[in-house]
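Each remark here refers to the structure printed beneath this line.
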Amino acid sequence: MYANKFGRFMLGLYSRKTATACGGLQSTAGRSGFSWTAVCKQRTLWLQRSACLNTRKNTVPCHVRARSASQTTVDPDEVRRFQSLASKWWDEQGEFAALHAMNDLRVPFIRDNLLNVHRVRHPGKPLRGLRILDVGCGGGLLTEPLGRLGANVLGIDPVGDSIGTAQLHSSIDPDLCERVCYRASTLEELAAEEDEAEEEQGAGQFDAVVASEVVEHLADLETFAFCCNQVLKLGGSLFITTINKTNVSYALGIVVAEQLLRIVPSGTHDWDKFISPVELERLLESNGFSVQSVQGMLYNPVSGAWSWTDSTAINYALHAVKVRDDPHTEQAGGSSPHPEDHHAAATHG
Amino acid sequence: VAALLLNRDAEHGDDSGKNDVYDVIISGGGMVGSAMACSLGMDPNLEGRKILLLEAGNKKVMDKVPENYSIRVSSISPGSATILSGIGAWEHITKMRCKPYKKMQVWDACSDALITFDKENLQDEMAYIVENDIIVAALTKQLDSLSDNVQVKYRSKVVKYAWPLPHQAADAIPWVKVTLASGETVQTKLLIGADGPNSMVRRELGIPTVKWNYDQSAVVAVLHLSEPTENNVAWQRFLPTGPIAMLPLSDTESSLVWSTSHRLAEELLELDEESFVDAINSAFVSLALTIKTAGSLFRGALSVIMPSAGSPRQLPPSVAGIGPKTRVMFPLGIGHASEYIRHRVALVGDAAHRVHPLAGQGANLGFGDVACLTQLVSQAAFDGKDLGAMQHLLQYETERQRHNLPMMAAIDLMKRLYSTNAAPAVLLRTFGLQATNMLPALKEQIVAFASK
């Protein structure tokens, strides 16, 4: 157990390397964090969107088409490779050990920020009554702790096998299977469904959206931010953990992790897709969010543990709150209240 | 027909696996097991969880405190008293019966070396002598008030444990499965083994245990003192055959714990009451057997260096008789499990560590385990973690082994050091004891460590 952690840091000693050597774009533990399901997610998202556009109602495709600006290539090999690793999710000492370890930071981060917003206290089940969406949930590593804390969580991921693994793992626990459910879906599909429901109910459905180790693989962040806004209630929270775009993250996340130590196979991450907190903040704020806090995270490969740090140079976590409905929604919807009213409502909520 | 249909529906709806998965099962309802159950049941982060305590014996209810003292007692340190008070049991204990003592005198029979421990000015209590039955009864009473969270099954002996695999495999049970003598099976996410020095949980897990039997047995009895006295001192004298201790129970009664060789212990049990009483009295007051002069030499030398330190020698109260039918012996040994935890399992109390009673620490180590494990499990629950996950269980093991091992080593060392009357050992311990007696700072450290 302990030997594994140490061995992981040593060049060429960790056995998982042989498993991933044949793969190409699989990512694993290491400073860069884990996010290959998001690669797959975004790419299949585009594939499915182009296939499903015809079946959608009128209002949604207009928004989608207006924002779908980037190109993509869906690589079936990648999808297959990710599916082959789907059973490895819950091996706490295996490929995904760093993600398991990251729960020590991200679960308290989500929990405490939600508790700040929602004042009701339920001892034993602090997040009771809240609906949370886990985007790119993979095997459910983050979904399950949130479910244990009392929230109703929906985990979505485009990789069907990961969803299968997640469902199997949570079905055994009688405590969880009532509150946690999974769906093989993309955020856009879900947003489309939510949009239909929205017209009847008049509000987004989720109290919080969690996108952990996802955005650094998305080609189109605008759509992502827009969809998050769509599915969230007013005053709802968005939690993102991702990697910064700095020289340090290039040096450590790409050069050291991928090329020198080969903790992560070469080519897993594209430094151009990293996004700095400032840019992410700007993007979110133009999509109806107000960023509440940003915190740096640091991974120690020797101890295998994450810790909070002042510097957001490599990994960071971000909490934003939806303060108004997206302007595009308002334009299409027609009769929507003035944005300032929304803002006032948000500060009260 | 309607009734049959209803029954069938009920059975179909009653998913037998799901209903019997507990969050925590504690195996063993002694002092430490019951304390663990209370502690978890009262924790706010574990509210709404299903906790089960399995005890093979009967429920120990004590509506009225029995007139006679029971012979098994424990020395409860202030730290343990705080833990017990945190789980609401200390209140019951003080209402029933307990005896605080303020001073402890320990001395050597082979020389005149002596050490006394006391809190300054005899204000605070050093520790409490409480009968084991009273502790268990107080905890049982507290458990009754926690019946929403904590379920207790008495007369439930465990016959089999089935362990989970660390990774999820198809068709494998992910939980610990416990089979009772009644044939009932229950499952749990975390099993806590509090089943004593011959722990079945530890044995079934195959955890290697370092253990050996001391060639000693302890004779315990309740003593009636010759005359009432302000009985607030604990006495212990190291004879070459083993330490004899007199622990205060009330102004007129004390508890005897005499650790000695098996043969002598059997002889003591066979003596008639008068001879037994004489043996006890002479054990405490007999003249130093071997090296008197060395002792006084050391004392002289040390008093030159530190003239003000040192304490007056007192004699323990003399014994007149013993309580009716209260003379028992039990063998002594030491044991330490090399691992306290496995996936979904943790050991607490004597199941993890067993010590010689000469330092009165056995129960205290167990309560310390309870406090530590509760705090870690509570934090894990608040972080949404699986209660049986290794991460926080490893933390428990590290923290407690770091605390328990030095204590156990010290106790074992003391036992060995004082088991001989060979001159070098006697000289060494005489000097050590007297020097320690003259260093109040060192004594404070010792008391602080033992009080945790």
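Starting from 1 in every chain, residues are counted up; chains themselves are A, B, ... following the order of the structure tokens, and ligands are numbered from 1 as listed.
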Using only C-alpha atoms, find each residue in chain A having at least one atom no more than 9 Å away from chain B; report its shortest atom-to-atom pair and that distance in Å (one decimal), rows by chain then rising number, as a Markdown table.
| residue | atom | partner | partner_atom | distance |
| --- | --- | --- | --- | --- |
| A:Trp90 | CA | B:His167 | CA | 7.1 |
| A:Asp91 | CA | B:His167 | CA | 6.2 |
| A:Glu92 | CA | B:His167 | CA | 8.5 |
| A:Asn103 | CA | B:Asp383 | CA | 8.5 |
| A:Asp104 | CA | B:Asp383 | CA | 7.5 |
| A:Val107 | CA | B:Asp383 | CA | 6.4 |
| A:Pro108 | CA | B:Asp383 | CA | 6.2 |
| A:Arg111 | CA | B:Asp383 | CA | 8.2 |
| A:Pro123 | CA | B:Pro44 | CA | 5.7 |
| A:Gly124 | CA | B:Asn45 | CA | 4.3 |
| A:Lys125 | CA | B:Asn45 | CA | 7.7 |
| A:Pro126 | CA | B:Phe382 | CA | 7.9 |
| A:Glu144 | CA | B:Gly384 | CA | 7.7 |
| A:Pro145 | CA | B:Gly384 | CA | 4.2 |
| A:Leu146 | CA | B:Gly384 | CA | 6.2 |
| A:Gly147 | CA | B:Gly384 | CA | 7.6 |
| A:Arg148 | CA | B:Gly384 | CA | 5.2 |
| A:Leu149 | CA | B:Gly384 | CA | 5.3 |
| A:Gly150 | CA | B:Gly384 | CA | 8.9 |
| A:His169 | CA | B:Gln168 | CA | 7.7 |
| A:Ile172 | CA | B:Pro174 | CA | 7.7 |
| A:Asp173 | CA | B:Lys18 | CA | 7.9 |
| A:Pro174 | CA | B:Lys18 | CA | 5.8 |
| A:Asp175 | CA | B:Lys18 | CA | 8.9 |
- Task: Write down as a VMD selection string the residues of range 22-158 of chain B whose backbone DSSP state falls under helix (DSSP H, G or I).
- Result: chain B and resid 31 to 41 44 to 46 78 to 86 90 to 96 120 to 122 132 to 144
- Message: To one decimal place in Å, what is the distance between CA of Val210 in chain B and CA of His356 in chain B?
- Response: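 Result for CA of Val210 in chain B versus CA of His356 in chain B: 14.3 Å, one decimal.
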Open item on the list: Env of Val152 in chain B: 7 Å cut, atoms = only C-alpha atoms, seq-sep filter 5 positions within chain, self excluded. Answer as JSON, numbers by chain.
Closed with: {"B": [52, 53, 54]}
Would you please extract all strand (DSSP E or B) residues from range 40-184 of chain B, as assigned by DSSP on the backbone, and give them as an MDAnalysis selection string?
chainID B and resid 51:54 73:76 99:101 103:108 114:118 127:131 150:153 158:162 176:180
note - CA of Val277 in chain B and CA of Thr116 in chain B are separated by 25.0 Å
With only C-alpha atoms as the counted atoms, please give the residues lying no more than 12 Å from Lys245 in chain A, apart from itself and same-chain residues fewer than 3 positions off, as a PDB file with N, CA, C and O atoms, in the first residue's frame.
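Here's the written file around_10.pdb:
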ATOM      1  N   SER A  32      -1.559  16.806 -12.824  1.00  0.00           N
ATOM      2  CA  SER A  32      -2.526  17.376 -13.750  1.00  0.00           C
ATOM      3  C   SER A  32      -3.944  16.956 -13.432  1.00  0.00           C
ATOM      4  O   SER A  32      -4.863  17.431 -14.042  1.00  0.00           O
ATOM      5  N   GLU A 216     -10.893  21.495 -18.361  1.00  0.00           N
ATOM      6  CA  GLU A 216      -9.619  21.593 -19.075  1.00  0.00           C
ATOM      7  C   GLU A 216      -9.587  20.747 -20.337  1.00  0.00           C
ATOM      8  O   GLU A 216      -8.611  20.716 -21.057  1.00  0.00           O
ATOM      9  N   THR A 242     -10.050  22.622 -11.818  1.00  0.00           N
ATOM     10  CA  THR A 242      -9.369  22.484 -13.099  1.00  0.00           C
ATOM     11  C   THR A 242      -7.923  22.954 -12.969  1.00  0.00           C
ATOM     12  O   THR A 242      -7.429  23.164 -11.864  1.00  0.00           O
ATOM     13  N   VAL A 248       4.213  27.518 -14.838  1.00  0.00           N
ATOM     14  CA  VAL A 248       4.403  26.465 -13.828  1.00  0.00           C
ATOM     15  C   VAL A 248       3.594  25.231 -14.200  1.00  0.00           C
ATOM     16  O   VAL A 248       4.080  24.107 -14.115  1.00  0.00           O
ATOM     17  N   SER A 249       2.355  25.448 -14.646  1.00  0.00           N
ATOM     18  CA  SER A 249       1.543  24.270 -14.966  1.00  0.00           C
ATOM     19  C   SER A 249       2.073  23.589 -16.215  1.00  0.00           C
ATOM     20  O   SER A 249       1.964  22.373 -16.356  1.00  0.00           O
ATOM     21  N   TYR A 250       2.681  24.356 -17.082  1.00  0.00           N
ATOM     22  CA  TYR A 250       3.322  23.719 -18.228  1.00  0.00           C
ATOM     23  C   TYR A 250       4.525  22.909 -17.761  1.00  0.00           C
ATOM     24  O   TYR A 250       4.706  21.766 -18.131  1.00  0.00           O
ATOM     25  N   ALA A 251       5.344  23.544 -16.930  1.00  0.00           N
ATOM     26  CA  ALA A 251       6.556  22.873 -16.454  1.00  0.00           C
ATOM     27  C   ALA A 251       6.214  21.611 -15.668  1.00  0.00           C
ATOM     28  O   ALA A 251       6.765  20.549 -15.914  1.00  0.00           O
ATOM     29  N   LEU A 252       5.312  21.735 -14.708  1.00  0.00           N
ATOM     30  CA  LEU A 252       5.033  20.592 -13.846  1.00  0.00           C
ATOM     31  C   LEU A 252       3.995  19.662 -14.442  1.00  0.00           C
ATOM     32  O   LEU A 252       4.129  18.454 -14.415  1.00  0.00           O
ATOM     33  N   GLY A 253       2.940  20.240 -14.986  1.00  0.00           N
ATOM     34  CA  GLY A 253       1.850  19.401 -15.456  1.00  0.00           C
ATOM     35  C   GLY A 253       2.150  18.708 -16.770  1.00  0.00           C
ATOM     36  O   GLY A 253       1.710  17.595 -17.012  1.00  0.00           O
ATOM     37  N   ILE A 254       2.887  19.339 -17.631  1.00  0.00           N
ATOM     38  CA  ILE A 254       3.151  18.748 -18.944  1.00  0.00           C
ATOM     39  C   ILE A 254       4.562  18.169 -18.989  1.00  0.00           C
ATOM     40  O   ILE A 254       4.759  16.984 -19.180  1.00  0.00           O
ATOM     41  N   HIS A 269      -2.747  15.979 -21.855  1.00  0.00           N
ATOM     42  CA  HIS A 269      -3.261  17.322 -21.681  1.00  0.00           C
ATOM     43  C   HIS A 269      -2.747  18.241 -22.758  1.00  0.00           C
ATOM     44  O   HIS A 269      -1.606  18.150 -23.194  1.00  0.00           O
ATOM     45  N   ASP A 270      -3.600  19.139 -23.135  1.00  0.00           N
ATOM     46  CA  ASP A 270      -3.226  20.155 -24.104  1.00  0.00           C
ATOM     47  C   ASP A 270      -3.157  21.466 -23.350  1.00  0.00           C
ATOM     48  O   ASP A 270      -4.174  21.980 -22.875  1.00  0.00           O
ATOM     49  N   TRP A 271      -1.952  21.993 -23.200  1.00  0.00           N
ATOM     50  CA  TRP A 271      -1.760  23.187 -22.389  1.00  0.00           C
ATOM     51  C   TRP A 271      -2.626  24.343 -22.879  1.00  0.00           C
ATOM     52  O   TRP A 271      -3.047  25.183 -22.093  1.00  0.00           O
ATOM     53  N   ASP A 272      -2.900  24.355 -24.179  1.00  0.00           N
ATOM     54  CA  ASP A 272      -3.731  25.433 -24.704  1.00  0.00           C
ATOM     55  C   ASP A 272      -5.143  25.399 -24.146  1.00  0.00           C
ATOM     56  O   ASP A 272      -5.839  26.412 -24.136  1.00  0.00           O
ATOM     57  N   LYS A 273      -5.566  24.242 -23.707  1.00  0.00           N
ATOM     58  CA  LYS A 273      -6.938  24.129 -23.216  1.00  0.00           C
ATOM     59  C   LYS A 273      -7.053  24.463 -21.732  1.00  0.00           C
ATOM     60  O   LYS A 273      -8.153  24.553 -21.205  1.00  0.00           O
ATOM     61  N   PHE A 274      -5.907  24.596 -21.079  1.00  0.00           N
ATOM     62  CA  PHE A 274      -5.982  25.024 -19.681  1.00  0.00           C
ATOM     63  C   PHE A 274      -6.534  26.431 -19.653  1.00  0.00           C
ATOM     64  O   PHE A 274      -6.407  27.197 -20.613  1.00  0.00           O
ATOM     65  N   ILE A 275      -7.133  26.771 -18.537  1.00  0.00           N
ATOM     66  CA  ILE A 275      -7.719  28.106 -18.457  1.00  0.00           C
ATOM     67  C   ILE A 275      -7.365  28.722 -17.116  1.00  0.00           C
ATOM     68  O   ILE A 275      -7.371  28.052 -16.088  1.00  0.00           O
ATOM     69  N   SER A 276      -7.031  29.983 -17.138  1.00  0.00           N
ATOM     70  CA  SER A 276      -6.651  30.635 -15.891  1.00  0.00           C
ATOM     71  C   SER A 276      -7.912  31.040 -15.129  1.00  0.00           C
ATOM     72  O   SER A 276      -8.978  31.218 -15.723  1.00  0.00           O
ATOM     73  N   PRO A 277      -7.771  31.196 -13.817  1.00  0.00           N
ATOM     74  CA  PRO A 277      -8.946  31.574 -13.025  1.00  0.00           C
ATOM     75  C   PRO A 277      -9.549  32.902 -13.481  1.00  0.00           C
ATOM     76  O   PRO A 277     -10.770  33.061 -13.469  1.00  0.00           O
ATOM     77  N   VAL A 278      -8.700  33.809 -13.898  1.00  0.00           N
ATOM     78  CA  VAL A 278      -9.199  35.119 -14.326  1.00  0.00           C
ATOM     79  C   VAL A 278     -10.078  34.975 -15.566  1.00  0.00           C
ATOM     80  O   VAL A 278     -11.181  35.533 -15.666  1.00  0.00           O
ATOM     81  N   GLU A 279      -9.582  34.202 -16.513  1.00  0.00           N
ATOM     82  CA  GLU A 279     -10.366  34.000 -17.739  1.00  0.00           C
ATOM     83  C   GLU A 279     -11.652  33.254 -17.478  1.00  0.00           C
ATOM     84  O   GLU A 279     -12.706  33.584 -18.036  1.00  0.00           O
ATOM     85  N   LEU A 280     -11.551  32.235 -16.639  1.00  0.00           N
ATOM     86  CA  LEU A 280     -12.734  31.445 -16.303  1.00  0.00           C
ATOM     87  C   LEU A 280     -13.761  32.333 -15.612  1.00  0.00           C
ATOM     88  O   LEU A 280     -14.960  32.260 -15.883  1.00  0.00           O
ATOM     89  N   THR A 312      -2.610  29.601  -7.116  1.00  0.00           N
ATOM     90  CA  THR A 312      -3.473  28.894  -8.067  1.00  0.00           C
ATOM     91  C   THR A 312      -2.700  28.550  -9.326  1.00  0.00           C
ATOM     92  O   THR A 312      -3.267  28.387 -10.393  1.00  0.00           O
ATOM     93  N   ALA A 313      -1.377  28.445  -9.196  1.00  0.00           N
ATOM     94  CA  ALA A 313      -0.551  28.280 -10.394  1.00  0.00           C
ATOM     95  C   ALA A 313      -0.812  26.979 -11.132  1.00  0.00           C
ATOM     96  O   ALA A 313      -0.651  26.912 -12.342  1.00  0.00           O
ATOM     97  N   ILE A 314      -1.175  25.940 -10.438  1.00  0.00           N
ATOM     98  CA  ILE A 314      -1.383  24.656 -11.127  1.00  0.00           C
ATOM     99  C   ILE A 314      -2.865  24.260 -11.064  1.00  0.00           C
ATOM    100  O   ILE A 314      -3.638  24.569 -11.949  1.00  0.00           O
ATOM    101  N   ASN A 315      -3.253  23.598  -9.971  1.00  0.00           N
ATOM    102  CA  ASN A 315      -4.663  23.222  -9.853  1.00  0.00           C
ATOM    103  C   ASN A 315      -5.402  24.249  -8.999  1.00  0.00           C
ATOM    104  O   ASN A 315      -4.817  24.850  -8.110  1.00  0.00           O
ATOM    105  N   TYR A 316      -6.678  24.424  -9.314  1.00  0.00           N
ATOM    106  CA  TYR A 316      -7.459  25.300  -8.446  1.00  0.00           C
ATOM    107  C   TYR A 316      -8.927  24.884  -8.447  1.00  0.00           C
ATOM    108  O   TYR A 316      -9.384  24.170  -9.340  1.00  0.00           O
TER     109      TYR A 316
END
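Atom pair CA of Ala346 in chain B / CA of Leu176 in chain A has a distance of 23.3 Å (rounded to one decimal).
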